[in-house]
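Chemist: This is data.cif, which holds mmCIF, C-alpha atoms (C1' of nucleotides):
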```
data_query
loop_
_atom_site.group_PDB
_atom_site.id
_atom_site.type_symbol
_atom_site.label_atom_id
_atom_site.label_comp_id
_atom_site.auth_asym_id
_atom_site.auth_seq_id
_atom_site.Cartn_x
_atom_site.Cartn_y
_atom_site.Cartn_z
ATOM 1 C CA MET A 279 140.959 117.484 56.681
ATOM 2 C CA THR A 280 139.555 120.878 55.946
ATOM 3 C CA PRO A 281 138.374 122.115 59.320
ATOM 4 C CA ASP A 282 134.693 122.814 59.521
ATOM 5 C CA LEU A 283 134.129 126.432 58.771
ATOM 6 C CA LYS A 284 131.330 128.729 57.869
ATOM 7 C CA LEU A 285 131.987 131.168 55.156
ATOM 8 C CA ASN A 286 130.296 134.434 54.737
ATOM 9 C CA LEU A 287 130.557 135.413 51.146
ATOM 10 C CA ARG A 288 129.356 138.964 51.124
ATOM 11 C CA LEU A 289 129.002 140.759 47.841
ATOM 12 C CA HIS A 290 129.174 144.546 47.919
ATOM 13 C CA PHE A 291 127.595 145.802 44.743
ATOM 14 C CA ALA A 292 128.301 149.197 43.354
ATOM 15 C CA GLN A 293 124.612 150.038 43.576
ATOM 16 C CA GLY A 294 124.889 149.967 47.342
ATOM 17 C CA LEU A 295 123.360 146.641 48.065
ATOM 18 C CA THR A 296 125.261 144.091 50.043
ATOM 19 C CA PHE A 297 124.205 140.503 49.775
ATOM 20 C CA GLY A 298 125.689 137.833 51.972
ATOM 21 C CA ARG A 299 124.944 134.789 53.999
ATOM 22 C CA GLY A 300 122.508 136.572 56.281
ATOM 23 C CA LYS A 301 120.156 137.582 53.510
ATOM 24 C CA ALA A 302 120.545 134.214 51.824
ATOM 25 C CA ASP A 303 119.605 132.407 55.025
ATOM 26 C CA LEU A 304 116.674 134.744 55.447
ATOM 27 C CA LEU A 305 115.408 134.009 51.973
ATOM 28 C CA GLU A 306 115.646 130.324 52.734
ATOM 29 C CA ALA A 307 113.817 130.719 56.014
ATOM 30 C CA ILE A 308 111.040 132.710 54.364
ATOM 31 C CA ASP A 309 110.699 130.006 51.760
ATOM 32 C CA ARG A 310 110.488 127.384 54.472
ATOM 33 C CA THR A 311 108.155 129.142 56.897
ATOM 34 C CA GLY A 312 106.052 131.081 54.435
ATOM 35 C CA SER A 313 106.263 134.321 56.369
ATOM 36 C CA ILE A 314 108.691 137.039 57.334
ATOM 37 C CA SER A 315 107.805 136.824 60.990
ATOM 38 C CA GLY A 316 108.170 133.046 60.942
ATOM 39 C CA ALA A 317 111.591 133.373 59.374
ATOM 40 C CA GLY A 318 112.541 135.922 62.002
ATOM 41 C CA ARG A 319 111.509 133.621 64.794
ATOM 42 C CA GLU A 320 113.387 130.738 63.279
ATOM 43 C CA MET A 321 116.539 132.784 62.889
ATOM 44 C CA LYS A 322 116.117 134.361 66.318
ATOM 45 C CA MET A 323 116.090 137.825 64.876
ATOM 46 C CA SER A 324 113.555 140.528 65.505
ATOM 47 C CA TYR A 325 110.756 140.905 63.005
ATOM 48 C CA ARG A 326 111.887 144.475 62.601
ATOM 49 C CA ARG A 327 115.261 143.406 61.369
ATOM 50 C CA ALA A 328 113.921 140.666 59.137
ATOM 51 C CA TRP A 329 111.537 143.097 57.536
ATOM 52 C CA ASN A 330 114.282 145.657 57.051
ATOM 53 C CA LEU A 331 116.383 143.125 55.190
ATOM 54 C CA VAL A 332 113.442 142.127 53.035
ATOM 55 C CA GLU A 333 112.702 145.719 52.224
ATOM 56 C CA GLU A 334 116.347 146.342 51.406
ATOM 57 C CA MET A 335 116.381 143.464 48.976
ATOM 58 C CA ASN A 336 113.084 144.308 47.369
ATOM 59 C CA THR A 337 114.032 147.885 46.703
ATOM 60 C CA ALA A 338 117.426 146.901 45.315
ATOM 61 C CA PHE A 339 116.180 144.211 43.006
ATOM 62 C CA ALA A 340 113.726 144.526 40.187
ATOM 63 C CA PRO A 341 111.776 142.389 40.006
ATOM 64 C CA PRO A 342 111.627 141.916 43.772
ATOM 65 C CA LEU A 343 112.737 138.759 45.507
ATOM 66 C CA ILE A 344 109.971 138.433 48.083
ATOM 67 C CA ASP A 345 106.251 138.684 47.629
ATOM 68 C CA ALA A 346 104.481 139.574 50.861
ATOM 69 C CA SER A 347 100.803 140.013 51.503
ATOM 70 C CA ARG A 348 98.825 140.775 54.615
ATOM 71 C CA GLY A 349 95.469 139.620 55.794
ATOM 72 C CA GLY A 350 93.775 136.489 54.665
ATOM 73 C CA SER A 351 94.122 132.915 55.740
ATOM 74 C CA GLY A 352 96.783 132.697 58.402
ATOM 75 C CA GLY A 353 97.025 136.432 58.606
ATOM 76 C CA GLY A 354 99.079 136.799 55.525
ATOM 77 C CA GLY A 355 102.477 135.622 54.521
ATOM 78 C CA ALA A 356 105.448 135.937 52.277
ATOM 79 C CA ALA A 357 106.954 133.802 49.574
ATOM 80 C CA LEU A 358 109.948 133.918 47.311
ATOM 81 C CA THR A 359 109.387 135.040 43.781
ATOM 82 C CA ASP A 360 110.981 133.123 40.945
ATOM 83 C CA ARG A 361 113.686 135.727 40.922
ATOM 84 C CA GLY A 362 114.187 135.262 44.643
ATOM 85 C CA ARG A 363 114.641 131.565 44.244
ATOM 86 C CA GLU A 364 117.043 132.219 41.409
ATOM 87 C CA VAL A 365 119.218 134.607 43.396
ATOM 88 C CA LEU A 366 119.265 132.245 46.338
ATOM 89 C CA ALA A 367 120.281 129.327 44.140
ATOM 90 C CA HIS A 368 123.096 131.333 42.595
ATOM 91 C CA TYR A 369 124.395 132.317 45.996
ATOM 92 C CA ARG A 370 124.350 128.770 47.310
ATOM 93 C CA ALA A 371 126.073 127.573 44.160
ATOM 94 C CA LEU A 372 128.726 130.211 44.601
ATOM 95 C CA GLU A 373 129.245 129.074 48.173
ATOM 96 C CA ARG A 374 129.673 125.462 47.157
ATOM 97 C CA LEU A 375 132.031 126.500 44.420
ATOM 98 C CA VAL A 376 134.280 128.331 46.821
ATOM 99 C CA VAL A 377 134.461 125.451 49.259
ATOM 100 C CA GLN A 378 135.157 122.939 46.512
ATOM 101 C CA THR A 379 137.551 124.693 44.203
ATOM 102 C CA GLY A 380 139.113 126.757 46.968
ATOM 103 C CA ALA A 381 139.823 123.881 49.317
ATOM 104 C CA VAL A 382 143.556 124.152 48.769
ATOM 105 C CA HIS A 383 143.664 127.818 49.729
ATOM 106 C CA ILE A 384 141.296 127.399 52.643
ATOM 107 C CA GLY A 385 143.471 124.612 53.909
ATOM 108 C CA GLY A 386 146.516 126.763 53.351
ATOM 109 C CA ILE A 387 145.076 129.438 55.551
ATOM 110 C CA SER A 388 143.716 127.253 58.295
ATOM 111 C CA GLY A 389 146.762 125.003 58.383
ATOM 112 C CA GLY A 390 148.405 126.686 61.311
ATOM 113 C CA LEU A 391 145.384 127.458 63.388
ATOM 114 C CA VAL A 392 145.909 126.849 67.048
ATOM 115 C CA SER A 393 143.644 124.023 67.989
ATOM 116 C CA VAL A 394 141.714 124.901 71.059
ATOM 117 C CA MET A 395 139.954 122.508 73.313
ATOM 118 C CA HIS A 396 136.214 122.855 73.031
ATOM 119 C CA ASP A 397 135.713 125.755 75.326
ATOM 120 C CA GLU A 398 132.113 126.262 76.230
ATOM 121 C CA LYS A 399 131.497 129.924 76.029
ATOM 122 C CA MET B 23 129.637 142.996 32.083
ATOM 123 C CA THR B 24 130.007 141.929 35.676
ATOM 124 C CA PRO B 25 129.235 145.078 37.629
ATOM 125 C CA ASP B 26 132.105 146.280 39.723
ATOM 126 C CA LEU B 27 131.743 144.836 43.144
ATOM 127 C CA LYS B 28 133.815 144.258 46.193
ATOM 128 C CA LEU B 29 133.575 140.957 47.819
ATOM 129 C CA ASN B 30 134.253 140.229 51.380
ATOM 130 C CA LEU B 31 135.117 136.601 51.732
ATOM 131 C CA ARG B 32 135.033 136.007 55.439
ATOM 132 C CA LEU B 33 136.022 132.643 56.773
ATOM 133 C CA HIS B 34 134.628 131.662 60.152
ATOM 134 C CA PHE B 35 136.803 128.906 61.512
ATOM 135 C CA ALA B 36 135.619 126.507 64.144
ATOM 136 C CA GLN B 37 138.458 127.619 66.390
ATOM 137 C CA GLY B 38 136.782 130.989 66.695
ATOM 138 C CA LEU B 39 138.915 133.014 64.366
ATOM 139 C CA THR B 40 137.326 134.907 61.570
ATOM 140 C CA PHE B 41 139.526 135.953 58.704
ATOM 141 C CA GLY B 42 138.271 138.217 55.979
ATOM 142 C CA ARG B 43 139.123 141.107 53.770
ATOM 143 C CA GLY B 44 139.775 143.469 56.640
ATOM 144 C CA LYS B 45 142.530 141.376 58.146
ATOM 145 C CA ALA B 46 143.949 140.607 54.727
ATOM 146 C CA ASP B 47 144.137 144.296 53.874
ATOM 147 C CA LEU B 48 145.729 144.965 57.227
ATOM 148 C CA LEU B 49 148.399 142.348 56.628
ATOM 149 C CA GLU B 50 149.120 143.943 53.289
ATOM 150 C CA ALA B 51 149.333 147.412 54.812
ATOM 151 C CA ILE B 52 151.688 146.209 57.516
ATOM 152 C CA ASP B 53 153.871 144.636 54.872
ATOM 153 C CA ARG B 54 153.887 147.883 52.940
ATOM 154 C CA THR B 55 154.413 150.336 55.783
ATOM 155 C CA GLY B 56 156.512 148.208 58.094
ATOM 156 C CA SER B 57 154.511 149.038 61.177
ATOM 157 C CA ILE B 58 151.159 148.475 62.780
ATOM 158 C CA SER B 59 150.607 152.154 63.386
ATOM 159 C CA GLY B 60 151.570 152.995 59.820
ATOM 160 C CA ALA B 61 149.099 150.444 58.541
ATOM 161 C CA GLY B 62 146.435 151.905 60.791
ATOM 162 C CA ARG B 63 147.040 155.396 59.475
ATOM 163 C CA GLU B 64 146.954 154.190 55.909
ATOM 164 C CA MET B 65 143.695 152.354 56.455
ATOM 165 C CA LYS B 66 142.246 155.196 58.495
ATOM 166 C CA MET B 67 141.651 152.978 61.449
ATOM 167 C CA SER B 68 142.693 153.602 65.017
ATOM 168 C CA TYR B 69 145.936 152.064 66.182
ATOM 169 C CA ARG B 70 143.863 150.402 68.874
ATOM 170 C CA ARG B 71 141.812 148.550 66.369
ATOM 171 C CA ALA B 72 144.745 147.622 64.159
ATOM 172 C CA TRP B 73 146.623 146.242 67.128
ATOM 173 C CA ASN B 74 143.593 144.272 68.282
ATOM 174 C CA LEU B 75 143.328 142.607 64.903
ATOM 175 C CA VAL B 76 147.020 141.786 64.908
ATOM 176 C CA GLU B 77 146.784 140.327 68.368
ATOM 177 C CA GLU B 78 143.752 138.315 67.359
ATOM 178 C CA MET B 79 145.593 136.825 64.429
ATOM 179 C CA ASN B 80 148.767 136.124 66.320
ATOM 180 C CA THR B 81 147.027 134.281 69.111
ATOM 181 C CA ALA B 82 144.959 132.260 66.671
ATOM 182 C CA PHE B 83 147.818 131.222 64.451
ATOM 183 C CA ALA B 84 150.912 129.294 65.374
ATOM 184 C CA PRO B 85 153.370 130.270 64.176
ATOM 185 C CA PRO B 86 152.191 133.899 64.287
ATOM 186 C CA LEU B 87 151.613 135.982 61.188
ATOM 187 C CA ILE B 88 153.113 139.255 62.344
ATOM 188 C CA ASP B 89 156.410 139.896 64.021
ATOM 189 C CA ALA B 90 156.380 143.160 65.978
ATOM 190 C CA SER B 91 159.148 144.724 67.975
ATOM 191 C CA ARG B 92 159.402 147.950 69.886
ATOM 192 C CA GLY B 93 162.247 150.305 70.331
ATOM 193 C CA GLY B 94 165.190 150.528 68.021
ATOM 194 C CA SER B 95 165.684 152.292 64.770
ATOM 195 C CA GLY B 96 162.527 154.107 63.884
ATOM 196 C CA GLY B 97 160.992 153.271 67.216
ATOM 197 C CA GLY B 98 160.179 149.739 66.298
ATOM 198 C CA GLY B 99 158.025 148.157 63.677
ATOM 199 C CA ALA B 100 156.225 145.118 62.448
ATOM 200 C CA ALA B 101 156.674 142.761 59.559
ATOM 201 C CA LEU B 102 154.914 139.763 58.161
ATOM 202 C CA THR B 103 156.381 136.400 58.948
ATOM 203 C CA ASP B 104 156.720 133.834 56.194
ATOM 204 C CA ARG B 105 153.536 132.299 57.474
ATOM 205 C CA GLY B 106 151.838 135.672 57.321
ATOM 206 C CA ARG B 107 152.812 136.148 53.742
ATOM 207 C CA GLU B 108 151.608 132.653 53.001
ATOM 208 C CA VAL B 109 148.190 133.173 54.553
ATOM 209 C CA LEU B 110 147.796 136.477 52.750
ATOM 210 C CA ALA B 111 148.707 134.922 49.425
ATOM 211 C CA HIS B 112 146.215 132.119 49.926
ATOM 212 C CA TYR B 113 143.458 134.574 50.749
ATOM 213 C CA ARG B 114 144.134 136.701 47.689
ATOM 214 C CA ALA B 115 144.250 133.614 45.515
ATOM 215 C CA LEU B 116 140.917 132.518 46.940
ATOM 216 C CA GLU B 117 139.454 135.931 46.165
ATOM 217 C CA ARG B 118 140.617 135.807 42.574
ATOM 218 C CA LEU B 119 139.301 132.295 42.238
ATOM 219 C CA VAL B 120 135.838 133.318 43.354
ATOM 220 C CA VAL B 121 135.643 136.220 40.952
ATOM 221 C CA GLN B 122 136.897 134.160 38.054
ATOM 222 C CA THR B 123 135.151 130.836 38.446
ATOM 223 C CA GLY B 124 132.059 132.340 40.065
ATOM 224 C CA ALA B 125 131.417 134.993 37.475
ATOM 225 C CA VAL B 126 128.315 133.224 36.212
ATOM 226 C CA HIS B 127 126.709 133.102 39.628
ATOM 227 C CA ILE B 128 127.712 136.636 40.527
ATOM 228 C CA GLY B 129 126.198 137.809 37.307
ATOM 229 C CA GLY B 130 123.117 135.737 38.023
ATOM 230 C CA ILE B 131 122.662 137.516 41.309
ATOM 231 C CA SER B 132 123.408 141.023 40.153
ATOM 232 C CA GLY B 133 121.418 140.692 36.965
ATOM 233 C CA GLY B 134 118.292 142.390 38.221
ATOM 234 C CA LEU B 135 119.822 145.070 40.367
ATOM 235 C CA VAL B 136 118.108 148.381 40.084
ATOM 236 C CA SER B 137 120.552 150.779 38.545
ATOM 237 C CA VAL B 138 120.670 153.941 40.520
ATOM 238 C CA MET B 139 121.978 157.249 39.410
ATOM 239 C CA HIS B 140 125.132 158.200 41.233
ATOM 240 C CA ASP B 141 123.605 159.637 44.316
ATOM 241 C CA GLU B 142 126.038 161.549 46.426
ATOM 242 C CA LYS B 143 125.130 160.646 49.932
ATOM 243 C "C1'" DG C 270 171.561 160.462 78.654
ATOM 244 C "C1'" DG C 271 167.774 162.431 75.932
ATOM 245 C "C1'" DA C 272 164.848 162.352 71.746
ATOM 246 C "C1'" DC C 273 162.067 159.772 68.836
ATOM 247 C "C1'" DG C 274 158.612 156.710 67.044
ATOM 248 C "C1'" DT C 275 156.870 152.544 67.881
ATOM 249 C "C1'" DT C 276 154.546 148.680 70.582
ATOM 250 C "C1'" DG C 277 151.471 147.527 74.257
ATOM 251 C "C1'" DT C 278 147.578 148.569 77.444
ATOM 252 C "C1'" DA C 279 143.838 150.935 80.045
ATOM 253 C "C1'" DT C 280 139.918 153.913 80.170
ATOM 254 C "C1'" DC C 281 136.307 156.946 78.524
ATOM 255 C "C1'" DT C 282 133.075 158.356 75.079
ATOM 256 C "C1'" DG C 283 130.283 158.590 71.092
ATOM 257 C "C1'" DT C 284 128.042 156.180 67.543
ATOM 258 C "C1'" DC C 285 125.870 152.736 65.245
ATOM 259 C "C1'" DT C 286 123.046 148.577 65.133
ATOM 260 C "C1'" DG C 287 119.586 145.677 66.559
ATOM 261 C "C1'" DT C 288 115.940 144.708 69.931
ATOM 262 C "C1'" DG C 289 111.625 145.540 72.231
ATOM 263 C "C1'" DC C 290 107.427 147.442 72.343
ATOM 264 C "C1'" DA C 291 103.458 149.694 70.529
ATOM 265 C "C1'" DT C 292 100.192 150.371 66.994
ATOM 266 C "C1'" DA C 293 97.622 150.476 62.646
ATOM 267 C "C1'" DA C 294 95.980 148.120 58.523
ATOM 268 C "C1'" DC C 295 94.664 143.989 56.323
ATOM 269 C "C1'" DC C 296 91.629 139.936 55.383
ATOM 270 C "C1'" DG C 297 90.019 134.988 55.704
ATOM 271 C "C1'" DC C 298 87.533 132.304 58.913
ATOM 272 C "C1'" DC C 299 84.355 131.177 62.581
ATOM 273 C "C1'" DG D 27 81.241 141.384 63.455
ATOM 274 C "C1'" DG D 28 85.044 139.792 66.241
ATOM 275 C "C1'" DC D 29 89.355 136.935 66.319
ATOM 276 C "C1'" DG D 30 93.796 135.776 64.839
ATOM 277 C "C1'" DG D 31 98.144 136.147 62.717
ATOM 278 C "C1'" DT D 32 100.613 138.729 59.589
ATOM 279 C "C1'" DT D 33 102.541 142.864 57.193
ATOM 280 C "C1'" DA D 34 104.069 147.539 57.851
ATOM 281 C "C1'" DT D 35 105.907 151.397 60.567
ATOM 282 C "C1'" DG D 36 107.636 154.396 64.340
ATOM 283 C "C1'" DC D 37 110.334 155.163 68.363
ATOM 284 C "C1'" DA D 38 112.883 154.524 72.715
ATOM 285 C "C1'" DC D 39 116.358 151.772 74.773
ATOM 286 C "C1'" DA D 40 120.484 148.837 75.463
ATOM 287 C "C1'" DG D 41 124.586 146.799 74.109
ATOM 288 C "C1'" DA D 42 128.449 146.315 71.183
ATOM 289 C "C1'" DC D 43 131.933 148.337 68.638
ATOM 290 C "C1'" DA D 44 135.234 151.656 67.198
ATOM 291 C "C1'" DG D 45 137.553 156.065 68.010
ATOM 292 C "C1'" DA D 46 140.066 159.143 70.964
ATOM 293 C "C1'" DT D 47 143.137 159.834 74.448
ATOM 294 C "C1'" DA D 48 146.626 158.964 77.698
ATOM 295 C "C1'" DC D 49 150.683 156.767 79.192
ATOM 296 C "C1'" DA D 50 154.457 153.308 80.234
ATOM 297 C "C1'" DA D 51 158.131 150.493 78.095
ATOM 298 C "C1'" DC D 52 161.427 149.769 74.709
ATOM 299 C "C1'" DG D 53 165.762 150.287 71.976
ATOM 300 C "C1'" DT D 54 168.476 152.763 68.431
ATOM 301 C "C1'" DC D 55 170.692 156.940 67.197
ATOM 302 C "C1'" DC D 56 172.502 161.399 68.120
#
```
What is this structure when it is put down as structure tokens?

Modeler:
Amino acid sequence: MTPDLKLNLRLHFAQGLTFGRGKADLLEAIDRTGSISGAGREMKMSYRRAWNLVEEMNTAFAPPLIDASRGGSGGGGAALTDRGREVLAHYRALERLVVQTGAVHIGGISGGLVSVMHDEK
Amino acid sequence: MTPDLKLNLRLHFAQGLTFGRGKADLLEAIDRTGSISGAGREMKMSYRRAWNLVEEMNTAFAPPLIDASRGGSGGGGAALTDRGREVLAHYRALERLVVQTGAVHIGGISGGLVSVMHDEK
DNA sequence: GGACGTTGTATCTGTCTGTGCATAACCGCC
DNA sequence: GGCGGTTATGCACAGACAGATACAACGTCC
């Protein structure tokens, strides 16, 4: 009976980087579409923003998480590095872990939520 | 060797409420100071914002989490309800749980972070 | 009754973030 | 060589968000 929720597990590292659901989703979208711009379109975010996030990640992590190249067949593209895939997997695992082992607490918080009728925004 | 990090575990409930570290800290500050304005001062946030968050929580939860009253000794004040204390406790427990049981994954993510020298911004 | 410190509420303003647009560089393919 | 789609980068604009400010209402204490 845990209500459907989305959790945003954002990690603020001392080095300045913050990594949360947004960047994780972006990594996934890049992996799926094979390009930064494609990922941006899919996530309905501007290419500018998508690229900024990529750049932020790549400068924070060594080795980088995304390998991008321009020109060539299809104009270029981007792909996750092994390290990128690794970070993404860890984040998703952490998410699952929270939902599973934290179900009691999540339920304890959401227990008294006022149920609203599906209001179309 | 887990690098010191702050995590912001934000829960987005289907009902529209989002509950994260900010609201949790605010609850704690209200409990400590005995007033919304006191909590705002302590957290260096405007009373406006603090009150908005309180109102958001109180309309989302039934029974409410904060009991505020105006006038009277000291001008008024606010205190956590039993439910408020309960929600706060659950959130803190969830936080601890993530750090403890998720240490492997957190380490897996932060492993390759570029260490920066303490740059004063 | 007046002072005090708080809750509750409205309005204005500045700032910060993301979007939109424009442009250059790149390179395989036709 | 031109086309196409992408990376990479700059800059102006709009909208959202938070801060600042102002003020009424409230109730206890003096």

Chemist: Report the residues retrieved by the PyMOL selection byres ((chain A) within 9 of (chain D)) from the displayed file, expressed as a VMD selection string.

Modeler: chain A and resid 313 to 315 329 346 to 356

Chemist: Using all atoms listed in the file, tabulate the residues of chain C lying at most 7 Å from any atom of chain B, each with its closest atom pair and that distance in Å to one decimal, by chain and increasing residue number, as CSV.

Modeler:
```
residue,atom,partner,partner_atom,distance
C:DC273,C1',B:Gly97,CA,6.8
C:DG274,C1',B:Gly97,CA,4.2
C:DT275,C1',B:Gly97,CA,4.2
C:DT276,C1',B:Arg92,CA,5.0
```

Chemist: With 5 Å on each side, where is the centre of the axis-aligned box around all listed atoms of range 30-47 of chain D, and how long are its edges in Å to one decimal, as lines of an AutoDock Vina configuration file?

Modeler:
```
center_x = 118.5
center_y = 147.8
center_z = 66.3
size_x = 59.3
size_y = 34.1
size_z = 28.3
```

Chemist: Kindly provide, as a PyMOL selection string, the residues of chain A having any atom no farther than 9 Å from an atom of chain B, counting all atoms listed in the file.

Modeler: chain A and resi 281-295+298+337-342+361+364-369+371-372+375-376+379-380+382-396

Chemist: Pick out the closest residue to Ala317 in chain A from this set: A:Asp303, A:Asp345, A:Glu333, A:Asp360. Count only C-alpha atoms.

Modeler: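 Smallest distance to Ala317 in chain A is found for A:Asp303.
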
Chemist: Quick check, in Å to one decimal: how far apart do CA of Ile344 in chain A and CA of Leu358 in chain A lie?

Modeler: 4.6 Å

Chemist: I'd like the residues picked by the PyMOL selection byres ((chain C and resi 277-292) around 8) written out as an mmCIF file with C-alpha atoms (C1' of nucleotides), keeping the file's coordinate frame, using the chain letters and numbers from the file.

Modeler:
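What ended up in result13.cif:
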```
data_model
loop_
_atom_site.group_PDB
_atom_site.id
_atom_site.type_symbol
_atom_site.label_atom_id
_atom_site.label_comp_id
_atom_site.auth_asym_id
_atom_site.auth_seq_id
_atom_site.Cartn_x
_atom_site.Cartn_y
_atom_site.Cartn_z
ATOM 1 C CA SER A 324 113.555 140.528 65.505
ATOM 2 C CA ARG A 327 115.261 143.406 61.369
ATOM 3 C "C1'" DT C 276 154.546 148.680 70.582
ATOM 4 C "C1'" DA C 293 97.622 150.476 62.646
#
```

Chemist: Mind giving me the straight-line distance from CA of Gly300 in chain A to CA of Arg43 in chain B in Å, one decimal?

Modeler: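 If I compute the distance from CA of Gly300 in chain A to CA of Arg43 in chain B, I get 17.4 Å.
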
Chemist: One decimal, Å: what's the distance from CA of Met65 in chain B over to CA of Ala101 in chain B, could you say?

Modeler: 16.4 Å

Chemist: Taking the structure I provided as the source, export range 341-358 of chain A with N, CA and C atoms, as a PDB file, in the first residue's frame.

Modeler:
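Here's the written file decode-v1.pdb:
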```pdb
ATOM      1  N   PRO A 341      37.861   8.875 -14.465  1.00  0.00           N
ATOM      2  CA  PRO A 341      37.596   9.191 -15.876  1.00  0.00           C
ATOM      3  C   PRO A 341      36.173   9.683 -16.091  1.00  0.00           C
ATOM      4  N   PRO A 342      35.947  10.358 -17.211  1.00  0.00           N
ATOM      5  CA  PRO A 342      34.626  10.935 -17.478  1.00  0.00           C
ATOM      6  C   PRO A 342      33.539   9.878 -17.661  1.00  0.00           C
ATOM      7  N   LEU A 343      32.320  10.334 -17.597  1.00  0.00           N
ATOM      8  CA  LEU A 343      31.190   9.397 -17.688  1.00  0.00           C
ATOM      9  C   LEU A 343      30.621   9.307 -19.094  1.00  0.00           C
ATOM     10  N   ILE A 344      30.824  10.383 -19.878  1.00  0.00           N
ATOM     11  CA  ILE A 344      30.239  10.426 -21.213  1.00  0.00           C
ATOM     12  C   ILE A 344      31.337  10.706 -22.229  1.00  0.00           C
ATOM     13  N   ASP A 345      31.259   9.961 -23.308  1.00  0.00           N
ATOM     14  CA  ASP A 345      32.220  10.148 -24.392  1.00  0.00           C
ATOM     15  C   ASP A 345      31.471  10.714 -25.585  1.00  0.00           C
ATOM     16  N   ALA A 346      31.751  11.961 -25.931  1.00  0.00           N
ATOM     17  CA  ALA A 346      31.036  12.608 -27.024  1.00  0.00           C
ATOM     18  C   ALA A 346      31.990  12.902 -28.167  1.00  0.00           C
ATOM     19  N   SER A 347      31.473  12.800 -29.360  1.00  0.00           N
ATOM     20  CA  SER A 347      32.294  13.111 -30.530  1.00  0.00           C
ATOM     21  C   SER A 347      31.422  13.769 -31.581  1.00  0.00           C
ATOM     22  N   ARG A 348      32.015  14.686 -32.324  1.00  0.00           N
ATOM     23  CA  ARG A 348      31.215  15.384 -33.331  1.00  0.00           C
ATOM     24  C   ARG A 348      31.695  15.048 -34.726  1.00  0.00           C
ATOM     25  N   GLY A 349      30.800  15.276 -35.673  1.00  0.00           N
ATOM     26  CA  GLY A 349      31.085  14.904 -37.037  1.00  0.00           C
ATOM     27  C   GLY A 349      30.928  13.409 -37.232  1.00  0.00           C
ATOM     28  N   GLY A 350      31.006  13.007 -38.462  1.00  0.00           N
ATOM     29  CA  GLY A 350      30.913  11.590 -38.751  1.00  0.00           C
ATOM     30  C   GLY A 350      29.509  11.153 -39.075  1.00  0.00           C
ATOM     31  N   SER A 351      29.347   9.862 -39.159  1.00  0.00           N
ATOM     32  CA  SER A 351      28.048   9.289 -39.494  1.00  0.00           C
ATOM     33  C   SER A 351      26.993   9.716 -38.486  1.00  0.00           C
ATOM     34  N   GLY A 352      25.942  10.323 -38.975  1.00  0.00           N
ATOM     35  CA  GLY A 352      24.889  10.784 -38.081  1.00  0.00           C
ATOM     36  C   GLY A 352      25.216  12.084 -37.408  1.00  0.00           C
ATOM     37  N   GLY A 353      26.302  12.681 -37.791  1.00  0.00           N
ATOM     38  CA  GLY A 353      26.658  13.980 -37.241  1.00  0.00           C
ATOM     39  C   GLY A 353      27.477  13.927 -35.986  1.00  0.00           C
ATOM     40  N   GLY A 354      27.548  12.780 -35.425  1.00  0.00           N
ATOM     41  CA  GLY A 354      28.293  12.654 -34.172  1.00  0.00           C
ATOM     42  C   GLY A 354      27.459  11.912 -33.160  1.00  0.00           C
ATOM     43  N   GLY A 355      27.793  12.038 -31.915  1.00  0.00           N
ATOM     44  CA  GLY A 355      27.018  11.324 -30.925  1.00  0.00           C
ATOM     45  C   GLY A 355      27.721  11.263 -29.589  1.00  0.00           C
ATOM     46  N   ALA A 356      27.067  10.632 -28.668  1.00  0.00           N
ATOM     47  CA  ALA A 356      27.635  10.487 -27.336  1.00  0.00           C
ATOM     48  C   ALA A 356      27.256   9.125 -26.778  1.00  0.00           C
ATOM     49  N   ALA A 357      28.124   8.602 -25.964  1.00  0.00           N
ATOM     50  CA  ALA A 357      27.862   7.291 -25.371  1.00  0.00           C
ATOM     51  C   ALA A 357      28.422   7.266 -23.960  1.00  0.00           C
ATOM     52  N   LEU A 358      27.857   6.416 -23.145  1.00  0.00           N
ATOM     53  CA  LEU A 358      28.377   6.281 -21.791  1.00  0.00           C
ATOM     54  C   LEU A 358      29.685   5.516 -21.812  1.00  0.00           C
TER      55      LEU A 358
END
```
